[in-house]
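Novice: Before I ask anything, let me first share the structure, which is written out below as structure tokens.
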Amino acid sequence: MLQIPCPYCGVRDEPEFTFGGPAHVTRPPLSSSDAEWASYLFDRTNPKGVHHERWLHAYGCGRWFNVARNTISHEILAVYRMGVQKPELESHE
Amino acid sequence: MSERGPFRLSGSGVLDRAPPICFCFNGRRLQGLAGDTLASALLANGVRIVGRSFKYHRPRGVFSCGVEEPNALVQLGSGARTIPSSRSTLVELHEGLEAFVPSGWPRLGFDLLRVLDFTAPLWPAGFYNKTFIWPSWHAYEGFVRRMAGFGNAPDGPDPDRYDTRNVHCDVLVVGGGVAGLMAAIGAADGVSRVILVDQGLRLGGRAAWDGSVIDGIPGTLWARITSERLARIPNVQILTRTVAVSYHDRNVVALLETLPFEEARRGAPRERYWIVRANRIVLAAGAIEQPLVFCNNDRPGIVLAGAAHEYLRRYAVGVGRRVVVATNNDSAYKVARALKEAGIQVLALTDSRRDVPQACVDELHAASIPLLSRSIPVDTGGFSALSSVAVGRLSGDGNTVESVRQFSCDALAISGGWNPSLHLYAQAGGHLTYSDRCGVFAPVEDHPVVTLAEGSASPQTAGPRVSPAGNRRRQWVDFRHDVTVADIELSLRENFSSVEHVKRYTTTGMSVDQGKTSHCATLDVIGRARGVKSSALGYTTLRPPFVPVTLGAIVGRSVGERFAPSRRLPMHDWHAANGGVMEDFGEWKRPAVYLRDGETRHDGVMREARSVRSAAGLFDGSSLGKIEVHGPDALEFVNRFYINNLKTLIPGRVRYGLMLRESGVLFDDGTIVLLAPDRVLLTTTSGNAGRVASWLEEWHQCEWPHLRIAVVPVTDQWAVVSLAGPRARDILSTLDSNIDYSNVAFPHLTMREGRLLGHPARVYRVSFTGELTYEICVPAEAGQAVWDRLLSAGKPHGLQPFGIDALMLMRLEKGFLHIGSDTDGTTVPDDVGWGKVASNKIADFIGKRSLMLPEHVRSDRFQLIGLVSTEDIVVGSHLRTSGSKEATDGWVTSAGRSVLTAEPIALAMLRAGRQHVGSHVSVHDMDRVTSAKVVNPPFLDPAGERMNA
């Protein structure tokens, strides 16, 4: 199981957390087209390498935050608070 | 040979000198010594046949001395505690142990099913894919399974206890032999947390019995001194009888500890499952000896050479009286000498290598044992057990055999090399390579976390392992699944040629021993047949667990009442004591009905519902989700979650709202009340209280952090007592309160705050039953007092408590939505008649944009309608409209009988349902077809006069 460094609580084991899907998904306005809205609902990338995602420290502080994780090695490359811009990271394949 | 068994030698190995232990094997009463395993005791007693092979029913004997045992698997004990497929090589003998082998008919020693062996060509690998097809496999399945003799499952719930432990450590050392002990000592600096695990009873591994000398002292002594020294270092934990079974992501290793039988009987757990997170893992798990492959290499009496050595030195058991030793490497030489020194006749040692190291030659010479180099067994004889071995000399190119010699013997000790146990390394991502030169695996690269202990033996160059001569249908590779060389070659001929396909086609390596003594030979055979180097073939994945793990150990204490946490209502004890049938509703224990003596459940439910409709009823609704949202932006925030326009909410007015997922699908329903301009009170369904609170938090933290709000769940803080029925007001008005309950002052769909019986109270007029209802919220600790007072005040009026079943029936009559029953993962507001409310709201809310997608505005969507019939309607029945070409036009979501008229009614999802109001549909419940009329709900009091009274 992963060890995830919660930005508020420090390193904890994976069962304390809930995975929240991809990060930086922008909610389109009401004026968006059907295709744009459907893409927001259903289209997701599936990268081999760095993935930016949301995690919730459900059995801890209850805060959401962002994680950059390598989907192959599960190495956690960065952890940053919700609302912070995506950090630039090299994708190691 | 003594009364301790015809094959027990003088001296006791390292066993305790203690009174003999009585045990029972297949009904035979036998004796062993303390410290024996079941296998060593059976061998000591001369029991040669300990199993029947699963396909051919060939007699099989003890083959190994450890976890890799493929033959001597027994059914231990009986009843609810019985364990099938127990390795008798690991079972500690205890007084009264009972073991039997569920194979062989009429009995193990005389098995008529051996006829399958004589008709073997009919049953090659995968025969069941080509036969037993007509009329169907199931006609044969039961019979075939019984013949396999794999064992019986326990016949009752497991009465034993299991514990789980979670620990962290700096270094986990797997294996307590010499290398493991040294690694642990090296890591134990007094500060670092070190855990050492070993599967045996005592540390020391082989050194504890094999007569080796370490640092100038006997291995036994060295092992004891070193273990004691280790145990004295602070922060060191030693676990014996513990196997590391699996490696998991990020350096988590699971251990299975088996407690001694007597301790488990005295109330200790039977097993402990340890979940260890280690910073570093050192593997010193040793190696497993591999067999040689030749004709009839599976007879009782054929054992691994290392096992023969261990039975001799550790258990003082001779595997036979006339032994031949066959090897392809150095390690068997000391075994031959040790057997000879113990008084056993060693007729010869064959080595498939052409060039035998001089040291080995000298060792044999000193023991006067004939050496046959460049030789390999080619066949064995003996109907029930081994009686002879034929040894042939390999030709120059190794492809044929010349000059065969016969030996009359009762045991054959074979060694095909030692394959290191690298499972944890491989599961951690390490890659293995198969060495053609040594015939075993080795790690390829260094792993950052899982390292091999120093001093772990490196593989030796070995000679050929597979005899080139004889009928390949009689050369066994996987004993457990009766897989022969011929089976592997058949798989290759049928083009299942990758190692993974060969494995699955033949099932080699797929049994409980998971290929521990067959993986290497399988690669050798594939390589030879395909004419490629075995090292180029790849290998099959080393899957966890290393040994079978009892499900109970993984589950630990989460059984029975502890399977899932349950939540109790504030008045739970009263419900349970007053006939409440407590059932699980999500996490909550709630009363389905309050049964009276002699009443059926149906009678009870109807009685309660009638009492509510005619007089009054009392319902514990405390599990209702309650969430407050505080802050200047509270109403703006909450408004983004519901399809209803909440901006027009007036303090004290209750709005019934629907909440959607972003996909437009109905998520929850509940009420919204404005307590103050900066305070909103939401209610949710009982099941979703937690989910909705999390949902609100998620959107606040991730999407709208600028809104100044705080989400405050208060579900557990408030007890909810629902008083429903025509007499509700009469009853409530007799209680001390500062709230005016009259209809003028307190109309339907409003909420009043005040005091009731001295307690703070929030009273809603909302109705799920369709009757005049006061939903009274008081602090949870006051719930019981309020409940009691209402009951006694209501008794003269005919007040009765009512449970969930009656509630659900009454709400069905009113056509009130039950999210999750009447809706599913596709239902949007318009499907249940709330489309206008959603489309009239101009402000954005979660799910709004989705409601405009083409899929959600189709006219042929499933819509919620009512059904009435003369016959009972069953939930889940499918519906067909007349003239329909579809497979189904919908299904019944809720059903029951009207409380006052007993007419069968239902709610259902019907394709374009609203267009079909007034017409009939056929209702299909399995083979039963009935008719129903489509109506608009509700079925009772459409004007809502009762609720609004």
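Here, A, B, ... name the chains of the structure tokens in the order displayed, residue numbers run from 1 inside each chain, and ligands are numbered from 1 in the same displayed order.
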What's the 12 Å shell around stretch 17-19 of chain A, counting only C-alpha atoms, without same-chain residues fewer than 3 positions away, as a ChimeraX atom specification?
Specialist: /A:1-6,9,11-14,22-23,52-67,69 /B:694,698
Novice: Could you make a table, as JSON lines, of the residues of chain B that have an atom within 10 Å of an atom of chain A, each with its nearest atom pair and distance in Å to one decimal, counting only C-alpha atoms, in chain and number order?
Specialist:
{"residue": "B:His248", "atom": "CA", "partner": "A:Met1", "partner_atom": "CA", "distance": 6.5}
{"residue": "B:Asp249", "atom": "CA", "partner": "A:Met1", "partner_atom": "CA", "distance": 4.8}
{"residue": "B:Arg250", "atom": "CA", "partner": "A:Met1", "partner_atom": "CA", "distance": 5.7}
{"residue": "B:Asn251", "atom": "CA", "partner": "A:Met1", "partner_atom": "CA", "distance": 8.0}
{"residue": "B:Val252", "atom": "CA", "partner": "A:Met1", "partner_atom": "CA", "distance": 6.9}
{"residue": "B:Arg277", "atom": "CA", "partner": "A:Met1", "partner_atom": "CA", "distance": 9.3}
{"residue": "B:Gly429", "atom": "CA", "partner": "A:Ser73", "partner_atom": "CA", "distance": 9.7}
{"residue": "B:Glu662", "atom": "CA", "partner": "A:Leu41", "partner_atom": "CA", "distance": 7.5}
{"residue": "B:Ser663", "atom": "CA", "partner": "A:Leu41", "partner_atom": "CA", "distance": 6.8}
{"residue": "B:Ser694", "atom": "CA", "partner": "A:Gly62", "partner_atom": "CA", "distance": 9.0}
{"residue": "B:Glu697", "atom": "CA", "partner": "A:Arg63", "partner_atom": "CA", "distance": 8.7}
{"residue": "B:Glu698", "atom": "CA", "partner": "A:Trp64", "partner_atom": "CA", "distance": 7.3}
{"residue": "B:Gln701", "atom": "CA", "partner": "A:Trp64", "partner_atom": "CA", "distance": 6.7}
{"residue": "B:Cys702", "atom": "CA", "partner": "A:Met82", "partner_atom": "CA", "distance": 6.2}
{"residue": "B:Glu703", "atom": "CA", "partner": "A:Gly83", "partner_atom": "CA", "distance": 8.4}
{"residue": "B:Trp704", "atom": "CA", "partner": "A:Gly83", "partner_atom": "CA", "distance": 9.9}
{"residue": "B:Pro705", "atom": "CA", "partner": "A:Gly83", "partner_atom": "CA", "distance": 8.5}
{"residue": "B:Ala843", "atom": "CA", "partner": "A:Leu30", "partner_atom": "CA", "distance": 9.7}
{"residue": "B:Asp844", "atom": "CA", "partner": "A:Leu30", "partner_atom": "CA", "distance": 7.3}
{"residue": "B:Phe845", "atom": "CA", "partner": "A:Leu30", "partner_atom": "CA", "distance": 9.6}
{"residue": "B:Lys848", "atom": "CA", "partner": "A:Leu30", "partner_atom": "CA", "distance": 8.1}
{"residue": "B:Arg849", "atom": "CA", "partner": "A:Leu30", "partner_atom": "CA", "distance": 5.9}
{"residue": "B:Ser850", "atom": "CA", "partner": "A:Trp37", "partner_atom": "CA", "distance": 7.5}
{"residue": "B:Met852", "atom": "CA", "partner": "A:Asp34", "partner_atom": "CA", "distance": 8.2}
{"residue": "B:Leu853", "atom": "CA", "partner": "A:Asp34", "partner_atom": "CA", "distance": 6.2}
{"residue": "B:Pro854", "atom": "CA", "partner": "A:Asp34", "partner_atom": "CA", "distance": 8.3}
Novice: Could you save those same residues with C-alpha atoms as a short mmCIF file (atom, residue, chain, number, x, y, z; two decimals), in the first residue's frame?
Specialist:
data_model
loop_
_atom_site.label_atom_id
_atom_site.label_comp_id
_atom_site.auth_asym_id
_atom_site.auth_seq_id
_atom_site.Cartn_x
_atom_site.Cartn_y
_atom_site.Cartn_z
CA HIS B 248 2.73 -5.80 -1.18
CA ASP B 249 3.23 -2.37 -2.63
CA ARG B 250 5.62 -0.11 -0.81
CA ASN B 251 7.42 -2.64 1.34
CA VAL B 252 4.52 -4.20 3.13
CA ARG B 277 5.81 -2.16 6.88
CA GLY B 429 9.34 -6.13 -8.84
CA GLU B 662 -22.91 16.24 -12.00
CA SER B 663 -24.17 13.69 -14.52
CA SER B 694 -18.58 14.71 2.20
CA GLU B 697 -17.06 19.48 1.70
CA GLU B 698 -15.55 18.30 -1.57
CA GLN B 701 -12.64 22.65 -0.76
CA CYS B 702 -11.99 21.90 -4.40
CA GLU B 703 -14.29 24.10 -6.47
CA TRP B 704 -15.67 26.98 -4.38
CA PRO B 705 -13.18 27.68 -1.60
CA ALA B 843 -29.02 29.66 -11.39
CA ASP B 844 -26.45 26.97 -12.02
CA PHE B 845 -26.51 23.86 -9.84
CA LYS B 848 -27.96 21.31 -14.40
CA ARG B 849 -25.99 21.29 -17.62
CA SER B 850 -26.34 17.50 -17.88
CA MET B 852 -29.88 19.55 -21.21
CA LEU B 853 -27.97 16.72 -22.89
CA PRO B 854 -29.93 14.95 -25.66
#
Novice: Hey, what does DSSP flag as helix (DSSP H, G or I) within stretch 650-703 of chain B? Can you give it to me as a PyMOL selection string?
Specialist: chain B and resi 686-702
Novice: Can you check which residues of stretch 636-860 of chain B DSSP gives as strand (DSSP E) on the backbone and send them as a PyMOL selection string?
Specialist: chain B and resi 654-660+666-676+679-684+710-713+718-724+751-756+759-764+773-779+799-801
Novice: At a cut-off of 12 Å, using only C-alpha atoms, what residues contact B:Thr506? Leave out same-chain residues fewer than 3 positions from it and give the result as a short mmCIF file (atom, residue, chain, number, x, y, z; two decimals) with all heavy atoms, in the first residue's frame.
Specialist:
data_model
loop_
_atom_site.label_atom_id
_atom_site.label_comp_id
_atom_site.auth_asym_id
_atom_site.auth_seq_id
_atom_site.Cartn_x
_atom_site.Cartn_y
_atom_site.Cartn_z
N TRP B 123 -6.28 -40.25 -20.30
CA TRP B 123 -6.45 -39.08 -19.46
C TRP B 123 -5.26 -38.14 -19.52
O TRP B 123 -4.66 -37.83 -18.50
CB TRP B 123 -6.66 -39.51 -17.99
CG TRP B 123 -7.49 -40.73 -17.81
CD1 TRP B 123 -7.06 -41.93 -17.31
CD2 TRP B 123 -8.86 -40.92 -18.13
NE1 TRP B 123 -8.09 -42.82 -17.27
CE2 TRP B 123 -9.20 -42.23 -17.78
CE3 TRP B 123 -9.85 -40.07 -18.67
CZ2 TRP B 123 -10.49 -42.74 -17.96
CZ3 TRP B 123 -11.12 -40.58 -18.84
CH2 TRP B 123 -11.43 -41.90 -18.50
N PRO B 124 -4.91 -37.65 -20.72
CA PRO B 124 -3.77 -36.73 -20.74
C PRO B 124 -4.17 -35.37 -20.20
O PRO B 124 -5.33 -35.17 -19.82
CB PRO B 124 -3.47 -36.64 -22.25
CG PRO B 124 -4.79 -36.84 -22.90
CD PRO B 124 -5.54 -37.82 -22.02
N ALA B 125 -3.25 -34.43 -20.20
CA ALA B 125 -3.56 -33.09 -19.73
C ALA B 125 -4.71 -32.52 -20.53
O ALA B 125 -4.79 -32.70 -21.74
CB ALA B 125 -2.32 -32.19 -19.88
N GLY B 126 -5.60 -31.89 -19.86
CA GLY B 126 -6.70 -31.22 -20.54
C GLY B 126 -7.72 -32.16 -21.14
O GLY B 126 -8.52 -31.76 -21.97
N PHE B 127 -7.73 -33.41 -20.65
CA PHE B 127 -8.68 -34.36 -21.25
C PHE B 127 -10.12 -33.91 -21.09
O PHE B 127 -10.98 -34.20 -21.90
CB PHE B 127 -8.48 -35.77 -20.67
CG PHE B 127 -8.94 -35.91 -19.24
CD1 PHE B 127 -10.26 -36.25 -18.94
CD2 PHE B 127 -8.07 -35.68 -18.19
CE1 PHE B 127 -10.68 -36.36 -17.63
CE2 PHE B 127 -8.48 -35.79 -16.88
CZ PHE B 127 -9.79 -36.13 -16.60
N TYR B 128 -10.37 -33.18 -20.01
CA TYR B 128 -11.75 -32.77 -19.73
C TYR B 128 -12.23 -31.69 -20.70
O TYR B 128 -13.37 -31.30 -20.70
CB TYR B 128 -11.86 -32.27 -18.29
CG TYR B 128 -10.65 -31.50 -17.84
CD1 TYR B 128 -10.46 -30.18 -18.21
CD2 TYR B 128 -9.67 -32.13 -17.09
CE1 TYR B 128 -9.33 -29.49 -17.83
CE2 TYR B 128 -8.53 -31.45 -16.70
CZ TYR B 128 -8.36 -30.13 -17.07
OH TYR B 128 -7.23 -29.47 -16.70
N ASN B 129 -11.29 -31.15 -21.52
CA ASN B 129 -11.74 -30.22 -22.55
C ASN B 129 -12.17 -30.96 -23.80
O ASN B 129 -12.78 -30.39 -24.70
CB ASN B 129 -10.62 -29.24 -22.91
CG ASN B 129 -10.31 -28.30 -21.76
OD1 ASN B 129 -11.21 -27.85 -21.07
ND2 ASN B 129 -9.04 -28.01 -21.56
N VAL B 477 6.42 -34.51 -13.64
CA VAL B 477 7.00 -33.19 -13.41
C VAL B 477 6.29 -32.51 -12.22
O VAL B 477 6.92 -32.03 -11.30
CB VAL B 477 6.86 -32.31 -14.69
CG1 VAL B 477 7.29 -30.88 -14.39
CG2 VAL B 477 7.70 -32.89 -15.81
N ASP B 478 4.95 -32.50 -12.26
CA ASP B 478 4.18 -31.94 -11.14
C ASP B 478 3.44 -33.10 -10.49
O ASP B 478 2.53 -33.66 -11.07
CB ASP B 478 3.21 -30.87 -11.65
CG ASP B 478 2.42 -30.20 -10.53
OD1 ASP B 478 1.89 -30.91 -9.65
OD2 ASP B 478 2.33 -28.97 -10.55
N ARG B 480 1.55 -33.12 -7.79
CA ARG B 480 0.24 -32.81 -7.23
C ARG B 480 -0.86 -32.89 -8.27
O ARG B 480 -1.93 -33.38 -8.00
CB ARG B 480 0.32 -31.40 -6.63
CG ARG B 480 -0.82 -31.05 -5.78
CD ARG B 480 -0.66 -31.53 -4.35
NE ARG B 480 -1.96 -31.40 -3.71
CZ ARG B 480 -2.69 -32.43 -3.31
NH1 ARG B 480 -2.22 -33.65 -3.41
NH2 ARG B 480 -3.87 -32.24 -2.78
N HIS B 481 -0.59 -32.37 -9.43
CA HIS B 481 -1.59 -32.40 -10.49
C HIS B 481 -1.33 -33.51 -11.51
O HIS B 481 -1.93 -33.49 -12.58
CB HIS B 481 -1.65 -31.04 -11.19
CG HIS B 481 -2.61 -30.08 -10.54
ND1 HIS B 481 -2.76 -28.78 -10.94
CD2 HIS B 481 -3.49 -30.26 -9.52
CE1 HIS B 481 -3.68 -28.20 -10.19
NE2 HIS B 481 -4.14 -29.07 -9.32
N ASP B 482 -0.44 -34.45 -11.15
CA ASP B 482 -0.20 -35.60 -12.03
C ASP B 482 0.17 -35.18 -13.45
O ASP B 482 -0.33 -35.74 -14.44
CB ASP B 482 -1.44 -36.51 -12.07
CG ASP B 482 -1.23 -37.79 -11.27
OD1 ASP B 482 -0.06 -38.07 -10.91
OD2 ASP B 482 -2.21 -38.51 -11.02
N VAL B 483 1.08 -34.21 -13.56
CA VAL B 483 1.47 -33.72 -14.88
C VAL B 483 2.79 -34.39 -15.27
O VAL B 483 3.76 -34.38 -14.51
CB VAL B 483 1.65 -32.20 -14.89
CG1 VAL B 483 2.11 -31.71 -16.26
CG2 VAL B 483 0.33 -31.53 -14.50
N THR B 484 2.83 -34.98 -16.46
CA THR B 484 4.04 -35.69 -16.89
C THR B 484 4.74 -34.93 -18.02
O THR B 484 4.21 -33.95 -18.56
CB THR B 484 3.67 -37.08 -17.43
OG1 THR B 484 2.84 -36.92 -18.59
CG2 THR B 484 2.93 -37.89 -16.38
N VAL B 485 5.92 -35.40 -18.36
CA VAL B 485 6.67 -34.81 -19.47
C VAL B 485 5.83 -34.88 -20.74
O VAL B 485 5.79 -33.93 -21.54
CB VAL B 485 8.02 -35.53 -19.65
CG1 VAL B 485 8.72 -35.05 -20.91
CG2 VAL B 485 8.91 -35.29 -18.43
N ALA B 486 5.13 -36.01 -20.93
CA ALA B 486 4.28 -36.17 -22.12
C ALA B 486 3.21 -35.09 -22.18
O ALA B 486 2.86 -34.60 -23.26
CB ALA B 486 3.66 -37.55 -22.13
N ASP B 487 2.66 -34.72 -21.04
CA ASP B 487 1.62 -33.67 -21.02
C ASP B 487 2.17 -32.35 -21.50
O ASP B 487 1.53 -31.62 -22.25
CB ASP B 487 1.07 -33.51 -19.59
CG ASP B 487 0.28 -34.72 -19.14
OD1 ASP B 487 -0.39 -35.32 -20.00
OD2 ASP B 487 0.35 -35.06 -17.95
N ILE B 488 3.38 -32.03 -21.04
CA ILE B 488 3.99 -30.77 -21.47
C ILE B 488 4.23 -30.79 -22.97
O ILE B 488 3.96 -29.83 -23.70
CB ILE B 488 5.29 -30.51 -20.70
CG1 ILE B 488 4.96 -30.26 -19.22
CG2 ILE B 488 6.05 -29.32 -21.28
CD1 ILE B 488 6.16 -30.17 -18.31
N GLU B 489 4.72 -31.95 -23.46
CA GLU B 489 4.99 -32.04 -24.90
C GLU B 489 3.68 -31.99 -25.70
O GLU B 489 3.65 -31.44 -26.81
CB GLU B 489 5.80 -33.30 -25.18
CG GLU B 489 7.21 -33.20 -24.57
CD GLU B 489 8.07 -34.41 -24.82
OE1 GLU B 489 7.55 -35.45 -25.27
OE2 GLU B 489 9.29 -34.31 -24.55
N LEU B 490 2.61 -32.52 -25.14
CA LEU B 490 1.30 -32.43 -25.81
C LEU B 490 0.87 -30.97 -25.92
O LEU B 490 0.40 -30.51 -26.96
CB LEU B 490 0.26 -33.23 -25.01
CG LEU B 490 -1.20 -33.04 -25.43
CD1 LEU B 490 -1.42 -33.59 -26.83
CD2 LEU B 490 -2.14 -33.73 -24.44
N SER B 491 1.04 -30.25 -24.84
CA SER B 491 0.68 -28.83 -24.85
C SER B 491 1.44 -28.08 -25.94
O SER B 491 0.88 -27.27 -26.68
CB SER B 491 0.99 -28.22 -23.47
OG SER B 491 0.95 -26.82 -23.52
N LEU B 492 2.73 -28.40 -26.07
CA LEU B 492 3.53 -27.74 -27.09
C LEU B 492 3.06 -28.13 -28.49
O LEU B 492 2.98 -27.30 -29.40
CB LEU B 492 5.01 -28.08 -26.91
CG LEU B 492 5.64 -27.60 -25.59
CD1 LEU B 492 7.02 -28.21 -25.38
CD2 LEU B 492 5.72 -26.09 -25.57
N GLU B 494 0.10 -28.84 -29.33
CA GLU B 494 -1.17 -28.17 -29.62
C GLU B 494 -1.00 -26.67 -29.64
O GLU B 494 -1.98 -25.92 -29.57
CB GLU B 494 -2.21 -28.60 -28.58
CG GLU B 494 -2.39 -30.10 -28.58
CD GLU B 494 -3.80 -30.56 -28.26
OE1 GLU B 494 -4.56 -29.76 -27.69
OE2 GLU B 494 -4.12 -31.70 -28.58
N PHE B 496 0.24 -24.58 -27.53
CA PHE B 496 0.25 -23.79 -26.29
C PHE B 496 1.69 -23.81 -25.81
O PHE B 496 2.07 -24.65 -25.00
CB PHE B 496 -0.69 -24.41 -25.26
CG PHE B 496 -2.13 -24.30 -25.63
CD1 PHE B 496 -2.72 -25.27 -26.44
CD2 PHE B 496 -2.90 -23.23 -25.21
CE1 PHE B 496 -4.05 -25.17 -26.80
CE2 PHE B 496 -4.22 -23.14 -25.56
CZ PHE B 496 -4.80 -24.10 -26.36
N SER B 497 2.51 -22.93 -26.37
CA SER B 497 3.94 -23.12 -26.21
C SER B 497 4.63 -22.12 -25.29
O SER B 497 5.74 -22.37 -24.86
CB SER B 497 4.63 -23.13 -27.57
OG SER B 497 4.15 -22.04 -28.33
N VAL B 499 5.44 -20.35 -21.75
CA VAL B 499 5.43 -20.97 -20.42
C VAL B 499 4.11 -20.76 -19.72
O VAL B 499 3.60 -21.63 -19.02
CB VAL B 499 6.59 -20.47 -19.52
CG1 VAL B 499 7.91 -20.98 -20.03
CG2 VAL B 499 6.59 -18.97 -19.41
N GLU B 500 3.50 -19.58 -19.92
CA GLU B 500 2.23 -19.31 -19.26
C GLU B 500 1.13 -20.21 -19.81
O GLU B 500 0.26 -20.68 -19.08
CB GLU B 500 1.83 -17.84 -19.42
CG GLU B 500 2.78 -16.86 -18.78
CD GLU B 500 2.60 -16.74 -17.26
OE1 GLU B 500 1.85 -17.54 -16.66
OE2 GLU B 500 3.23 -15.86 -16.66
N HIS B 501 1.18 -20.48 -21.11
CA HIS B 501 0.17 -21.35 -21.70
C HIS B 501 0.38 -22.80 -21.33
O HIS B 501 -0.59 -23.52 -21.05
CB HIS B 501 0.17 -21.21 -23.23
CG HIS B 501 -0.50 -19.96 -23.70
ND1 HIS B 501 -0.11 -19.27 -24.82
CD2 HIS B 501 -1.53 -19.27 -23.17
CE1 HIS B 501 -0.89 -18.21 -24.97
NE2 HIS B 501 -1.76 -18.18 -23.99
N VAL B 502 1.64 -23.23 -21.31
CA VAL B 502 1.92 -24.60 -20.90
C VAL B 502 1.41 -24.82 -19.48
O VAL B 502 0.80 -25.84 -19.17
CB VAL B 502 3.43 -24.91 -20.97
CG1 VAL B 502 3.74 -26.25 -20.31
CG2 VAL B 502 3.91 -24.91 -22.43
N LYS B 503 1.66 -23.84 -18.64
CA LYS B 503 1.21 -23.95 -17.25
C LYS B 503 -0.29 -24.17 -17.18
O LYS B 503 -0.77 -25.06 -16.49
CB LYS B 503 1.61 -22.69 -16.47
CG LYS B 503 1.06 -22.64 -15.06
CD LYS B 503 1.48 -21.36 -14.35
CE LYS B 503 0.82 -21.30 -12.98
NZ LYS B 503 1.25 -20.11 -12.22
N GLY B 509 2.28 -26.72 -11.80
CA GLY B 509 2.59 -25.57 -10.97
C GLY B 509 1.38 -24.83 -10.45
O GLY B 509 1.52 -23.77 -9.85
N MET B 510 0.19 -25.39 -10.66
CA MET B 510 -1.01 -24.65 -10.26
C MET B 510 -1.67 -25.20 -9.02
O MET B 510 -2.73 -24.70 -8.61
CB MET B 510 -2.03 -24.64 -11.41
CG MET B 510 -1.55 -23.80 -12.59
SD MET B 510 -2.72 -23.77 -13.94
CE MET B 510 -4.00 -22.74 -13.25
N SER B 511 -1.07 -26.20 -8.41
CA SER B 511 -1.74 -26.77 -7.24
C SER B 511 -1.30 -26.06 -5.96
O SER B 511 -0.67 -25.02 -6.02
CB SER B 511 -1.45 -28.27 -7.17
OG SER B 511 -2.24 -28.83 -6.14
N THR B 522 9.87 -28.01 -15.33
CA THR B 522 8.97 -27.61 -16.42
C THR B 522 9.74 -26.83 -17.48
O THR B 522 9.60 -27.08 -18.68
CB THR B 522 7.81 -26.76 -15.88
OG1 THR B 522 7.11 -27.50 -14.89
CG2 THR B 522 6.86 -26.36 -16.99
#
Novice: List the spatial neighbours of stretch 90-107 of chain B as JSON, numbers by chain - criterion: any atom at most 7 Å away, only C-alpha atoms, same-chain residues fewer than 6 positions off excluded.
Specialist: {"B": [21, 22, 23, 24, 25, 26, 34, 35, 36, 37, 38, 51, 52, 66, 67, 74, 75, 76, 77, 113, 149, 150, 151]}
Novice: What lies within 6 Å of A:Ala68 using only C-alpha atoms, ignoring chain neighbours under 6 positions off, as a ChimeraX atom specification?
Specialist: /A:51-52,76-78
Novice: Find the residues near B:Asp669: any atom within 10 Å, counting only C-alpha atoms, skip ones fewer than 2 places away on the same chain, and give them as an MDAnalysis selection string.
Specialist: chainID B and resid 642 656:660 666:667 671:672 682:685 688 817:819
Novice: Write out as number ranges by chain which residues come within 12 Å of B:Asp584 when counting only C-alpha atoms, dropping same-chain ones fewer than 3 positions away.
Specialist: B: 561, 564-569, 581, 587-592, 687, 804
Novice: Choose the residue, out of B:Gly944, B:Pro459, B:Asp716, B:Ser894, that has the smallest atom-to-atom separation from B:Val766; count only C-alpha atoms.
Specialist: B:Gly944
Novice: Please compute the atom CA of B:Ala521-atom CA of B:Tyr539 distance, one decimal, in Å.
Specialist: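 Going from atom CA of B:Ala521 over to atom CA of B:Tyr539, I get 11.7 Å.
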